[in-house]
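Note: the block below is structure.cif and it holds mmCIF, C-alpha atoms.
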data_run
loop_
_atom_site.label_atom_id
_atom_site.label_comp_id
_atom_site.auth_asym_id
_atom_site.auth_seq_id
_atom_site.Cartn_x
_atom_site.Cartn_y
_atom_site.Cartn_z
CA MET A 265 -39.27 33.39 -19.57
CA GLY A 266 -37.57 32.38 -16.33
CA THR A 267 -40.34 29.95 -15.35
CA ILE A 268 -40.10 28.12 -18.67
CA ILE A 269 -36.31 28.10 -18.61
CA GLY A 270 -36.49 26.63 -15.12
CA LEU A 271 -37.79 23.43 -16.68
CA LEU A 272 -34.38 22.86 -18.19
CA LEU A 273 -32.95 22.07 -14.76
CA GLY A 274 -35.45 19.38 -13.88
CA ALA A 275 -35.33 15.66 -14.43
CA ALA A 276 -37.42 12.74 -13.27
CA ALA A 277 -36.78 9.07 -12.72
CA GLY A 278 -39.60 8.23 -15.10
CA ALA A 279 -37.74 9.82 -17.98
CA ALA A 280 -34.93 7.36 -17.64
CA ALA A 281 -37.18 4.37 -17.00
CA GLY A 282 -37.30 2.12 -20.01
CA TYR A 283 -34.59 3.83 -22.05
CA TYR A 284 -32.36 0.83 -21.52
CA ALA A 285 -35.28 -1.57 -21.07
CA GLY A 286 -35.44 -4.07 -23.88
CA SER A 287 -31.81 -3.47 -24.81
CA TYR A 288 -31.19 -7.19 -24.50
CA LEU A 289 -32.88 -10.09 -26.25
CA GLY A 290 -32.63 -12.81 -23.63
CA SER A 291 -29.03 -12.45 -22.48
CA ARG A 292 -27.73 -11.18 -25.83
CA PRO A 293 -27.25 -7.46 -26.50
CA VAL A 294 -29.06 -6.20 -29.59
CA ASN A 295 -26.86 -4.27 -31.99
CA TRP A 296 -27.81 -0.84 -33.28
CA TYR A 297 -29.17 -0.97 -36.80
CA SER A 298 -30.29 1.61 -39.33
CA ALA A 299 -30.96 0.94 -42.99
CA ASP A 300 -29.17 2.90 -45.72
CA ILE A 301 -31.73 4.80 -47.77
CA ALA A 302 -29.07 5.76 -50.31
CA LYS A 303 -28.96 2.13 -51.46
CA LEU A 304 -32.65 2.02 -52.39
CA GLY A 305 -33.35 1.51 -56.06
CA PRO A 306 -36.13 3.03 -58.17
CA GLY A 307 -39.78 2.06 -57.82
CA PRO A 308 -42.99 3.29 -56.17
CA GLU A 309 -42.42 1.52 -52.84
CA ASN A 310 -38.95 2.98 -52.48
CA ASP A 311 -40.21 6.37 -53.61
CA LEU A 312 -42.69 6.23 -50.72
CA ILE A 313 -39.86 5.49 -48.27
CA ARG A 314 -37.84 8.40 -49.65
CA TYR A 315 -40.84 10.69 -49.34
CA GLY A 316 -41.28 9.54 -45.75
CA ARG A 317 -37.72 10.54 -44.95
CA ASP A 318 -38.24 13.90 -46.65
CA LEU A 319 -41.33 14.47 -44.50
CA ILE A 320 -39.20 13.90 -41.39
CA VAL A 321 -36.38 16.18 -42.56
CA ASN A 322 -38.35 18.87 -44.40
CA THR A 323 -41.62 18.68 -42.47
CA PRO A 324 -42.64 22.35 -42.78
CA ARG A 325 -42.25 22.40 -46.56
CA HIS A 326 -44.66 19.48 -46.97
CA ILE A 327 -47.13 19.59 -44.06
CA GLY A 328 -46.18 22.67 -42.03
CA LYS A 329 -48.20 25.77 -41.26
CA ASN A 330 -46.71 27.41 -44.35
CA ALA A 331 -46.41 24.30 -46.53
CA THR A 332 -46.09 24.77 -50.28
CA ASP A 333 -49.49 23.13 -50.84
CA PRO A 334 -52.22 24.77 -48.71
CA ALA A 335 -54.18 21.48 -48.78
CA THR A 336 -51.46 19.72 -46.77
CA ARG A 337 -50.95 22.32 -44.04
CA TYR A 338 -51.72 19.86 -41.26
CA ALA A 339 -49.25 21.25 -38.71
CA GLY A 340 -49.90 24.37 -36.68
CA ASN A 341 -46.26 25.44 -36.71
CA ASP A 342 -43.20 25.12 -38.94
CA LEU A 343 -41.15 22.81 -36.77
CA SER A 344 -39.54 19.76 -38.33
CA CYS A 345 -39.77 16.20 -37.01
CA GLN A 346 -35.98 16.23 -37.24
CA ASN A 347 -35.79 19.05 -34.68
CA CYS A 348 -36.42 16.38 -32.03
CA HIS A 349 -35.63 13.14 -33.90
CA LEU A 350 -32.11 14.09 -34.98
CA ASN A 351 -30.46 12.92 -38.19
CA ALA A 352 -33.79 11.85 -39.71
CA GLY A 353 -34.50 9.75 -36.63
CA LEU A 354 -31.29 7.71 -36.79
CA GLN A 355 -29.14 9.28 -34.06
CA ARG A 356 -28.70 7.31 -30.86
CA PHE A 357 -30.33 8.76 -27.74
CA ALA A 358 -31.99 11.51 -29.80
CA ALA A 359 -35.45 9.90 -29.96
CA PRO A 360 -34.51 7.67 -32.94
CA PHE A 361 -36.93 5.58 -34.98
CA VAL A 362 -34.81 2.45 -35.32
CA SER A 363 -37.07 0.13 -33.32
CA THR A 364 -40.25 2.22 -33.45
CA PHE A 365 -42.05 0.18 -36.09
CA THR A 366 -41.31 -3.13 -34.38
CA THR A 367 -42.60 -1.99 -30.96
CA PHE A 368 -46.06 -0.94 -32.17
CA PRO A 369 -48.89 -1.51 -31.50
CA MET A 370 -48.48 -1.28 -27.72
CA MET A 371 -50.72 -1.08 -24.68
CA VAL A 372 -50.91 2.38 -23.09
CA ASP A 373 -53.32 3.04 -20.20
CA ASP A 374 -55.28 -0.11 -21.04
CA HIS A 375 -55.72 0.97 -24.65
CA VAL A 376 -54.08 -0.28 -27.82
CA LEU A 377 -51.92 2.48 -29.29
CA THR A 378 -51.13 2.01 -32.98
CA LEU A 379 -48.24 3.54 -34.86
CA THR A 380 -50.56 5.90 -36.72
CA ASP A 381 -52.03 6.96 -33.36
CA ARG A 382 -48.53 7.75 -32.13
CA ILE A 383 -47.64 9.72 -35.25
CA ASN A 384 -50.82 11.76 -34.97
CA GLY A 385 -50.07 12.38 -31.31
CA CYS A 386 -46.94 14.18 -32.49
CA MET A 387 -48.98 16.02 -35.11
CA ARG A 388 -51.37 17.36 -32.46
CA ARG A 389 -48.81 18.13 -29.77
CA SER A 390 -45.29 18.67 -31.06
CA LEU A 391 -46.48 20.16 -34.35
CA ASN A 392 -49.51 21.79 -32.67
CA GLY A 393 -51.76 20.83 -35.57
CA GLU A 394 -54.27 18.23 -36.72
CA ASP A 395 -54.16 14.55 -37.56
CA LEU A 396 -52.78 13.29 -40.82
CA PRO A 397 -55.40 11.24 -42.71
CA SER A 398 -54.72 7.65 -41.65
CA GLU A 399 -54.82 6.39 -45.23
CA GLY A 400 -53.28 9.48 -46.84
CA ARG A 401 -49.99 9.46 -48.70
CA GLU A 402 -48.15 11.39 -45.99
CA MET A 403 -49.08 8.91 -43.26
CA GLU A 404 -48.28 5.97 -45.52
CA ALA A 405 -44.90 7.49 -46.36
CA ILE A 406 -43.91 8.10 -42.74
CA VAL A 407 -44.92 4.56 -41.75
CA ALA A 408 -42.99 3.16 -44.74
CA TYR A 409 -39.88 5.07 -43.66
CA LEU A 410 -40.17 3.90 -40.05
CA LYS A 411 -40.58 0.32 -41.24
CA PHE A 412 -37.53 0.69 -43.48
CA VAL A 413 -35.19 2.07 -40.82
CA GLY A 414 -36.41 -0.61 -38.41
CA LYS A 415 -35.68 -3.44 -40.81
CA GLY A 416 -33.75 -6.18 -39.04
CA THR A 417 -34.61 -5.14 -35.48
CA PRO A 418 -36.31 -7.73 -33.24
CA GLU A 419 -40.06 -7.50 -32.64
CA GLY A 420 -40.98 -5.79 -29.39
CA VAL A 421 -37.41 -4.89 -28.41
CA ARG A 422 -36.11 -1.38 -27.79
CA VAL A 423 -32.56 -1.60 -29.10
CA PRO A 424 -29.78 0.24 -27.22
CA GLY A 425 -29.79 3.93 -28.05
CA MET A 426 -33.56 4.34 -28.29
CA GLY A 427 -35.28 7.14 -26.42
CA LEU A 428 -33.19 9.83 -24.75
CA ARG A 429 -29.99 9.48 -22.77
CA PRO A 430 -30.86 8.99 -19.10
CA ILE A 431 -29.70 11.72 -16.74
CA GLU A 432 -29.15 11.75 -13.00
CA ASN A 433 -32.02 12.70 -10.75
CA PRO A 434 -31.73 16.28 -9.46
CA THR A 435 -30.87 16.84 -5.84
CA SER A 436 -33.11 19.91 -5.63
CA PRO A 437 -36.41 21.00 -7.24
CA PRO A 438 -36.41 22.94 -10.54
CA ASP A 439 -35.50 26.58 -10.05
CA ALA A 440 -36.18 29.31 -12.61
CA ARG A 441 -33.17 31.45 -11.67
CA ARG A 442 -30.70 28.59 -11.94
CA GLY A 443 -32.44 27.51 -15.13
CA GLU A 444 -31.98 30.94 -16.63
CA ALA A 445 -28.28 30.83 -15.80
CA VAL A 446 -27.96 27.46 -17.54
CA TYR A 447 -29.88 28.77 -20.54
CA VAL A 448 -27.56 31.76 -20.85
CA GLN A 449 -24.50 29.54 -20.53
CA LEU A 450 -25.51 26.69 -22.85
CA CYS A 451 -28.51 27.59 -25.00
CA VAL A 452 -28.80 31.29 -25.77
CA THR A 453 -26.14 31.33 -28.50
CA CYS A 454 -28.33 29.19 -30.77
CA HIS A 455 -31.88 29.60 -29.45
CA LYS A 456 -31.46 33.34 -28.79
CA GLU A 457 -32.46 35.36 -25.74
CA ASP A 458 -36.15 35.21 -26.64
CA GLY A 459 -36.05 31.45 -27.23
CA GLN A 460 -37.29 31.78 -30.79
CA GLY A 461 -34.29 30.22 -32.50
CA GLU A 462 -33.40 31.05 -36.09
CA ALA A 463 -35.59 30.74 -39.17
CA LYS A 464 -34.16 29.32 -42.38
CA PRO A 465 -33.29 32.01 -44.93
CA SER A 466 -35.74 32.40 -47.82
CA PRO A 467 -36.78 30.41 -49.81
CA GLY A 468 -36.36 27.89 -47.00
CA VAL A 469 -39.31 27.01 -44.77
CA GLY A 470 -38.98 26.31 -41.07
CA TYR A 471 -36.06 26.75 -38.71
CA SER A 472 -32.34 26.15 -38.65
CA ILE A 473 -32.65 26.43 -34.86
CA PRO A 474 -36.15 25.67 -33.53
CA PRO A 475 -38.08 27.93 -31.14
CA LEU A 476 -38.39 26.55 -27.62
CA TRP A 477 -41.63 28.23 -26.58
CA GLY A 478 -44.37 30.50 -27.85
CA GLU A 479 -46.89 30.29 -30.67
CA ALA A 480 -44.30 29.04 -33.18
CA SER A 481 -43.26 26.12 -30.97
CA PHE A 482 -44.75 22.89 -29.59
CA ASN A 483 -47.72 22.98 -27.24
CA ALA A 484 -48.03 21.94 -23.60
CA GLY A 485 -48.92 18.35 -24.52
CA ALA A 486 -45.63 17.68 -26.32
CA GLY A 487 -42.87 15.57 -24.84
CA MET A 488 -40.50 18.55 -24.89
CA ALA A 489 -42.90 20.41 -22.61
CA LYS A 490 -42.13 17.86 -19.89
CA THR A 491 -39.33 18.78 -17.54
CA ALA A 492 -37.38 15.53 -17.79
CA TYR A 493 -37.50 15.37 -21.59
CA ALA A 494 -36.34 18.96 -21.96
CA ALA A 495 -33.50 18.34 -19.53
CA SER A 496 -32.38 15.28 -21.50
#
Represent the structure contained in this file as structure tokens.
Amino acid sequence: MGTIIGLLLGAAAGAAAGYYAGSYLGSRPVNWYSADIAKLGPGPENDLIRYGRDLIVNTPRHIGKNATDPATRYAGNDLSCQNCHLNAGLQRFAAPFVSTFTTFPMMVDDHVLTLTDRINGCMRRSLNGEDLPSEGREMEAIVAYLKFVGKGTPEGVRVPGMGLRPIENPTSPPDARRGEAVYVQLCVTCHKEDGQGEAKPSPGVGYSIPPLWGEASFNAGAGMAKTAYAAS
């Protein structure tokens, strides 16, 4: 456990790079914006947006390892998208979605990365599962929700508050013993000594407090498995 906990003490300059990049359009600061889903009226398009939000908030119930419908058990765990993207992806510096739709597609390692590619990257890594069908209702709903919450944001601009809050570079390399002390001081009350968090009481599905490692958590390819992201 100590080796994994040691990651919590690390940070890297690359984690902070770009978190404030694109915060200005020319010389003008771009204001934070998030649409109000409560104001949506009836209709199939708005129903799709609402379903997209529900997929973010109640991921395990719909597409988790123990989803209600066995045919939609795409994830390999019962984590929720909201475990990382807080407040349904609307909270500043908590990996929000506010300018996600307007910054895709993008070039990554000389390849065009589409929004559906990015979503399925989370499905494979953070949710330790398989891809959502690109033309399936779940993928369409998530994309519709991301488009909705990004309404009004400039194309290609990361508005202030996107990503994670930058942290100072460490003055020493990650250390498991110091990491364990930090975990005991700041994390163990919620995530427990074994790092497995707290499951929702029945009939709930998923976790009130997510597990940080192990078979029920994200895999080594997830962003949270990277030292700097975990430390942020």
Residues selected by the PyMOL selection byres ((chain A and resi 466-483) around 7), written as a PyMOL selection string: chain A and resi 324-325+341-343+347+389-392+454-455+459-465+484-486
Can you list, as a compact mmCIF listing (two decimals) with C-alpha atoms, keeping the file's coordinate frame, the residues that the PyMOL selection byres ((chain A and resi 315) around 10) selects here?
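Result went into selection.txt, see below:
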# COMPACT_ATOMS: atom_id res chain seq x y z
CA GLU A 309 -42.42 1.52 -52.84
CA ASN A 310 -38.95 2.98 -52.48
CA ASP A 311 -40.21 6.37 -53.61
CA LEU A 312 -42.69 6.23 -50.72
CA ILE A 313 -39.86 5.49 -48.27
CA ARG A 314 -37.84 8.40 -49.65
CA GLY A 316 -41.28 9.54 -45.75
CA ARG A 317 -37.72 10.54 -44.95
CA ASP A 318 -38.24 13.90 -46.65
CA LEU A 319 -41.33 14.47 -44.50
CA ILE A 320 -39.20 13.90 -41.39
CA VAL A 321 -36.38 16.18 -42.56
CA ASN A 322 -38.35 18.87 -44.40
CA HIS A 326 -44.66 19.48 -46.97
CA ARG A 401 -49.99 9.46 -48.70
CA GLU A 402 -48.15 11.39 -45.99
CA GLU A 404 -48.28 5.97 -45.52
CA ALA A 405 -44.90 7.49 -46.36
CA ILE A 406 -43.91 8.10 -42.74
CA ALA A 408 -42.99 3.16 -44.74
CA TYR A 409 -39.88 5.07 -43.66
Per-residue nearest contacts of region 386-480 of chain A to region 331-339 of chain A (7 Å; only C-alpha atoms) as a Markdown table:
| residue | atom | partner | partner_atom | distance |
| --- | --- | --- | --- | --- |
| A:Met387 | CA | A:Ala339 | CA | 6.4 |
| A:Leu391 | CA | A:Ala339 | CA | 5.3 |
| A:Asn392 | CA | A:Ala339 | CA | 6.1 |
| A:Gly393 | CA | A:Ala339 | CA | 4.0 |
| A:Glu394 | CA | A:Tyr338 | CA | 5.5 |
| A:Asp395 | CA | A:Tyr338 | CA | 6.9 |
| A:Leu396 | CA | A:Tyr338 | CA | 6.7 |
Pairwise distance for CA of Phe412 (chain A) and CA of Ala489 (chain A), rounded to one decimal in Å: 29.2 Å
Selection: 10 Å around Thr378 (chain A), all atoms listed in the file, excl. self and same-chain fewer than 3 positions, as a list in words: Phe365, Thr367, Phe368, Pro369, Met370, Met371, Val372, His375, Asp381, Arg382, Ile383 and Asn384 of chain A
Picked residues, the PyMOL selection byres ((chain A and resi 417) around 8), expected as JSON, numbers by chain: {"A": [297, 362, 363, 366, 414, 415, 416, 418, 419, 421, 423]}
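For the pair CA of Gly328 (chain A) and CA of Gly340 (chain A), the separation is 6.7 Å.
Taking CA of Arg442 (chain A) as the reference point, CA of Met488 (chain A) is found at 19.1 Å.
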Selected residue of minimal separation from Thr323 (chain A) among A:Thr491, A:Ser344, A:Ser496, A:Asn433, counting all atoms listed in the file: A:Ser344
Neighbour residues at most 9 Å from (-35.7, 5.0, -35.5) (only C-alpha atoms) as a ChimeraX atom specification: /A:297-298,349,352-356,359-365,410-411,413-414,426
